[in-house]
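A.B. asks: Provided herewith: my_file.txt, compact mmCIF, C-alpha atoms.
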# COMPACT_ATOMS: atom_id res chain seq x y z
CA THR A 77 -26.06 -8.12 33.02
CA HIS A 78 -25.52 -5.51 35.72
CA LEU A 79 -23.27 -7.92 37.67
CA ILE A 80 -21.29 -8.85 34.55
CA ARG A 81 -20.83 -5.19 33.63
CA SER A 82 -19.73 -4.31 37.16
CA ASN A 83 -17.19 -7.16 37.21
CA LEU A 84 -15.87 -6.21 33.77
CA LYS A 85 -15.35 -2.61 34.91
CA ARG A 86 -13.55 -3.82 38.02
CA SER A 87 -11.37 -6.14 35.93
CA ALA A 88 -10.51 -3.32 33.53
CA ASN A 89 -9.51 -1.07 36.46
CA LEU A 90 -7.35 -3.82 37.97
CA LEU A 91 -5.66 -4.42 34.63
CA ARG A 92 -4.99 -0.68 34.21
CA SER A 93 -3.47 -0.52 37.70
CA PHE A 94 -1.29 -3.60 37.13
CA LYS A 95 -0.06 -2.27 33.80
CA GLN A 96 0.85 1.15 35.22
CA VAL A 97 2.67 -0.34 38.22
CA ALA A 98 4.53 -2.79 35.94
CA VAL A 99 5.61 0.00 33.58
CA ASP A 100 6.73 2.19 36.51
CA GLN A 101 8.72 -0.66 38.07
CA SER A 102 10.55 -1.41 34.84
CA SER A 103 11.56 2.18 34.10
CA LEU A 104 13.10 4.99 36.09
CA ALA A 105 10.94 7.70 34.60
CA ARG A 106 9.97 10.86 36.46
CA ARG A 107 6.34 11.89 36.16
CA ARG A 108 3.58 13.61 38.09
CA PHE A 109 1.26 11.30 40.03
CA VAL A 110 -1.27 11.47 42.85
CA PHE A 111 0.49 9.63 45.67
CA GLY A 112 -2.57 8.16 47.45
CA ASP A 113 -4.03 6.78 44.22
CA TYR A 114 -0.68 5.29 43.28
CA VAL A 115 -0.30 3.59 46.68
CA LYS A 116 -3.72 2.01 46.18
CA ASP A 117 -2.63 0.75 42.74
CA VAL A 118 0.54 -0.77 44.22
CA LEU A 119 -1.42 -2.41 47.04
CA GLN A 120 -3.90 -3.80 44.51
CA SER A 121 -1.03 -5.42 42.61
CA LEU A 122 0.22 -6.98 45.90
CA HIS A 123 -3.22 -8.05 47.11
CA HIS A 124 -2.98 -11.72 46.16
CA GLY A 125 0.21 -12.26 48.16
CA MET A 126 -1.09 -10.23 51.12
CA GLU A 127 -4.46 -11.89 51.67
CA LYS A 128 -3.08 -14.71 53.87
CA ARG A 129 -0.80 -12.51 56.01
CA VAL A 130 -2.35 -9.02 56.18
CA GLU A 131 -5.63 -8.28 57.94
CA SER A 132 -5.89 -4.65 56.84
CA VAL A 133 -3.97 -1.79 55.26
CA ASP A 134 -4.95 1.76 56.17
CA VAL A 135 -3.66 4.59 54.00
CA ASP A 136 -3.91 8.16 55.31
CA CYS A 137 -3.03 10.53 52.50
CA PRO A 138 -4.59 13.79 51.30
CA GLY A 139 -6.36 13.17 47.98
CA GLU A 140 -4.65 16.15 46.35
CA LEU A 141 -1.08 15.16 47.31
CA GLU A 142 0.72 15.10 43.96
CA LEU A 143 4.42 14.37 43.48
CA ASN A 144 6.77 14.92 40.56
CA SER A 145 9.04 11.98 41.14
CA TYR A 146 9.72 8.34 40.32
CA PRO A 147 6.58 6.27 40.95
CA GLY A 148 8.45 3.03 40.21
CA VAL A 149 10.84 3.79 43.06
CA PHE A 150 7.93 4.35 45.45
CA SER A 151 6.36 1.12 44.20
CA GLN A 152 9.53 -0.80 45.01
CA ILE A 153 9.84 0.84 48.44
CA ILE A 154 6.25 0.00 49.38
CA ASN A 155 6.62 -3.51 47.99
CA ASN A 156 9.81 -4.09 50.03
CA LEU A 157 8.24 -2.75 53.24
CA VAL A 158 5.09 -4.86 52.86
CA GLU A 159 7.13 -7.99 52.06
CA ASN A 160 9.34 -7.28 55.08
CA SER A 161 6.26 -7.08 57.32
CA MET A 162 4.89 -10.34 55.95
CA LEU A 163 8.18 -12.24 56.20
CA HIS A 164 9.58 -10.82 59.44
CA GLY A 165 6.84 -8.95 61.27
CA PHE A 166 3.77 -11.13 61.21
CA GLU A 167 3.77 -14.48 62.97
CA GLU A 168 2.87 -17.59 61.00
CA GLY A 169 -0.88 -18.15 61.00
CA LYS A 170 -1.63 -14.68 62.42
CA LYS A 171 -2.61 -11.73 60.25
CA GLY A 172 -1.20 -8.29 60.91
CA ARG A 173 -2.19 -4.71 60.18
CA ILE A 174 -0.31 -2.11 58.15
CA PHE A 175 -0.72 1.66 58.32
CA MET A 176 0.72 4.20 55.86
CA GLN A 177 0.61 7.98 56.16
CA ALA A 178 1.82 10.56 53.66
CA SER A 179 1.90 14.35 53.93
CA MET A 180 3.76 17.47 52.86
CA ARG A 181 4.95 19.57 55.79
CA ASP A 182 7.95 21.60 56.86
CA GLY A 183 9.21 21.78 53.26
CA ALA A 184 9.34 18.01 52.80
CA PHE A 185 7.36 14.93 51.86
CA HIS A 186 6.83 12.66 54.88
CA PHE A 187 5.90 9.00 54.51
CA ILE A 188 5.33 6.78 57.53
CA TYR A 189 4.95 3.02 57.22
CA ARG A 190 3.96 1.09 60.33
CA ASP A 191 2.94 -2.48 61.14
CA ASP A 192 1.70 -4.14 64.34
CA GLY A 193 4.00 -7.15 64.02
CA ARG A 194 6.49 -8.66 66.43
CA GLY A 195 8.97 -5.77 66.27
CA MET A 196 12.76 -5.98 66.55
CA LYS A 197 15.46 -6.12 69.19
CA VAL A 198 18.05 -3.32 69.26
CA GLY A 199 20.82 -5.55 67.81
CA VAL A 200 18.65 -6.43 64.82
CA LEU A 201 17.41 -2.85 64.40
CA ASP A 202 20.99 -1.58 64.19
CA GLN A 203 21.72 -3.82 61.16
CA ILE A 204 18.51 -3.83 59.08
CA PHE A 205 19.81 -1.58 56.30
CA GLU A 206 23.06 -3.55 55.88
CA PRO A 207 23.30 -5.68 52.72
CA PHE A 208 22.62 -9.41 53.19
CA PHE A 209 21.53 -9.03 56.82
CA THR A 210 18.46 -11.16 57.50
CA THR A 211 16.99 -13.06 60.40
CA ARG A 212 15.09 -15.36 58.00
CA ARG A 213 17.69 -16.75 55.61
CA SER A 214 16.31 -20.30 56.08
CA GLN A 215 12.84 -19.07 55.05
CA GLY A 216 13.89 -17.30 51.88
CA GLY A 217 15.10 -13.95 53.21
CA SER A 218 17.94 -12.46 51.14
CA GLY A 219 18.79 -9.52 53.36
CA LEU A 220 18.56 -7.13 50.41
CA GLY A 221 15.03 -5.67 50.63
CA LEU A 222 15.70 -3.00 53.24
CA HIS A 223 19.21 -2.33 51.90
CA ILE A 224 17.68 -1.61 48.47
CA THR A 225 14.97 0.51 50.10
CA TYR A 226 17.62 2.51 51.98
CA ASN A 227 19.54 3.18 48.75
CA LEU A 228 16.40 4.11 46.80
CA VAL A 229 15.38 6.64 49.45
CA ASN A 230 18.84 8.12 50.00
CA GLN A 231 20.40 8.01 46.54
CA THR A 232 17.56 8.02 44.01
CA LEU A 233 15.09 10.21 45.92
CA GLY A 234 17.63 12.29 47.87
CA GLY A 235 15.87 11.70 51.17
CA SER A 236 16.38 9.87 54.43
CA ILE A 237 14.86 6.81 56.10
CA GLY A 238 14.80 5.79 59.74
CA CYS A 239 13.38 2.78 61.53
CA PHE A 240 11.93 2.59 65.04
CA SER A 241 10.89 -0.62 66.77
CA GLN A 242 10.66 -2.53 70.01
CA PRO A 243 9.98 -6.22 70.55
CA GLY A 244 6.25 -6.90 70.52
CA LYS A 245 5.38 -3.37 69.36
CA GLY A 246 5.68 -3.54 65.59
CA VAL A 247 7.89 -1.42 63.39
CA GLU A 248 7.77 2.10 62.00
CA PHE A 249 9.71 3.45 59.02
CA ARG A 250 9.87 7.21 58.48
CA ILE A 251 10.89 8.50 55.08
CA ILE A 252 11.52 12.21 54.51
CA ILE A 253 12.20 13.67 51.08
CA PRO A 254 12.95 17.40 50.71
CA SER A 255 10.38 19.08 48.46
CA GLU A 256 13.10 20.28 46.04
CA GLN A 257 13.70 16.59 45.18
CA LEU A 258 10.04 16.37 44.08
CA THR A 259 10.06 19.29 41.65
CA GLY A 260 12.68 18.06 39.22
CA ALA A 261 15.31 20.50 40.52
CA GLY A 262 17.11 18.19 42.98
CA LYS A 263 19.81 15.58 42.47
CA ALA A 264 17.20 12.92 41.69
CA ALA A 265 16.55 14.79 38.46
CA GLU A 266 20.16 14.69 37.33
Could you spell out this file's structure in structure tokens?
C.D. replies:
Amino acid sequence: THLIRSNLKRSANLLRSFKQVAVDQSSLARRRFVFGDYVKDVLQSLHHGMEKRVESVDVDCPGELELNSYPGVFSQIINNLVENSMLHGFEEGKKGRIFMQASMRDGAFHFIYRDDGRGMKVGVLDQIFEPFFTTRRSQGGSGLGLHITYNLVNQTLGGSIGCFSQPGKGVEFRIIIPSEQLTGAGKAAE
């Protein structure tokens, strides 16, 4: 009975997480949320697709980091970055590692996403945010994931995103959102 009860609790928590992420993804509603907890919920909803391609995901985020923003937008950004790592970064048959770090400093929210995949050449790196650019069209790549991510960060959240990579050394995305965009006073609130 203890094992059944434990599994039922775990199932109820998974269902709650899936429901919240699904609601956030389908609406563009601003609300307060604890960022680290929300990232864990998003990763839980992606777990099934990640288990064959991702060895580990490390999230470094202060437990008290709370944002007043659009959790559905962050869900889509994280989803796009993880899918990009799985499709482009990690070699077939070899699992990769993902690292995420979030913090508030210098008057802004900083989010770093990094993987240890194959990295990118300069010519590819220069085009990754362009619509329909993909190096994997024959394997299902649409070339829209990072373009959408770029627009979500810049237009919806009022921030900026940059990408840094070298062949064989993985990829790093840095997202910076001014704190006034996270209080309801910035252009994202309009």
A.B. asks: Output as CSV one row per residue of stretch 98-168 of chain A within 7 Å of stretch 174-180 of chain A: the closest atom pair and its distance in Å to one decimal place, counting all atoms listed in the file, sorted by chain and residue number ascending.
C.D. replies:
residue,atom,partner,partner_atom,distance
A:Ser132,CA,A:Ile174,CA,6.3
A:Val133,CA,A:Ile174,CA,4.7
A:Asp134,CA,A:Phe175,CA,4.7
A:Val135,CA,A:Met176,CA,4.8
A:Asp136,CA,A:Gln177,CA,4.6
A:Cys137,CA,A:Ala178,CA,5.0
A.B. asks: Just the residues within 10 Å of A:Arg181, please, counting only C-alpha atoms, with nothing from its chain fewer than 6 positions along; format it as a PyMOL selection string.
C.D. replies: chain A and resi 252+254-255
A.B. asks: Considering all atoms listed in the file, give me a table of residues in stretch 98-162 of chain A that are at most 9 Å from stretch 189-207 of chain A, with the closest atom pair and distance in Å for each, as CSV.
C.D. replies:
residue,atom,partner,partner_atom,distance
A:Ile154,CA,A:Tyr189,CA,8.5
A:Leu157,CA,A:Tyr189,CA,7.7
A:Val158,CA,A:Asp191,CA,8.9
A:Ser161,CA,A:Asp191,CA,6.8
A:Met162,CA,A:Gly193,CA,8.7
A.B. asks: What is the atom CA of A:Leu233 to atom CA of A:Gln257 distance in Å?
C.D. replies: 6.6 Å
A.B. asks: Find, counting only C-alpha atoms, the residue in A:Leu84, A:Gly169, A:His164, A:Ile251 that gets nearest to A:Asn230.
C.D. replies: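 So, comparing all the options, the nearest one is A:Ile251.
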A.B. asks: Could you please give me, as a PyMOL selection string, the residues of protein, DNA or RNA lying at most 9 Å from (3.2, 9.0, 46.0) in the coordinate frame of the file, considering only C-alpha atoms?
C.D. replies: chain A and resi 109-115+141-147+150-151+178+187
A.B. asks: In Å to one decimal, how far is atom CA of A:Val130 from atom CA of A:Arg173?
C.D. replies: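 Taking atom CA of A:Arg173 and atom CA of A:Val130, their separation equals 5.9 Å.
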A.B. asks: Which is closer to A:Pro243 than all the others in A:Gly172, A:Gly183, A:Gly221, A:Gly165, using only C-alpha atoms?
C.D. replies: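 Among A:Gly172, A:Gly183, A:Gly221, A:Gly165, it is A:Gly165 that comes nearest to A:Pro243.
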A.B. asks: Mind checking which residues fall within 7 Å of A:Phe249, counting all atoms listed in the file, ignoring those fewer than 6 positions away in the same chain, and posting them as a ChimeraX atom specification?
C.D. replies: /A:188-190,237-240
A.B. asks: Between atom CA of A:Leu104 and atom CA of A:Val149, what distance in Å does the model show, to one decimal?
C.D. replies: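 One can read the atom CA of A:Leu104 to atom CA of A:Val149 distance as 7.4 Å.
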A.B. asks: Set up a box along x, y and z of the file covering all listed atoms of stretch 163-175 of chain A, add 8 Å on every one of the six sides, and write the centre and edge lengths in Å to one decimal, as JSON.
C.D. replies:
{"center_x": 3.5, "center_y": -8.2, "center_z": 59.6, "size_x": 28.2, "size_y": 35.8, "size_z": 22.8}
A.B. asks: Return the single residue from A:Gln120, A:His186, A:Arg106, A:Arg129 that is closest to A:Lys170, with distances computed using only C-alpha atoms.
C.D. replies: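 Counting only C-alpha atoms, the residue closest to A:Lys170 is A:Arg129.
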A.B. asks: Of the candidates A:His124, A:Glu248, A:Ile253, A:Phe208, which one gets nearest to A:Thr232 if we count all atoms listed in the file?
C.D. replies: A:Ile253
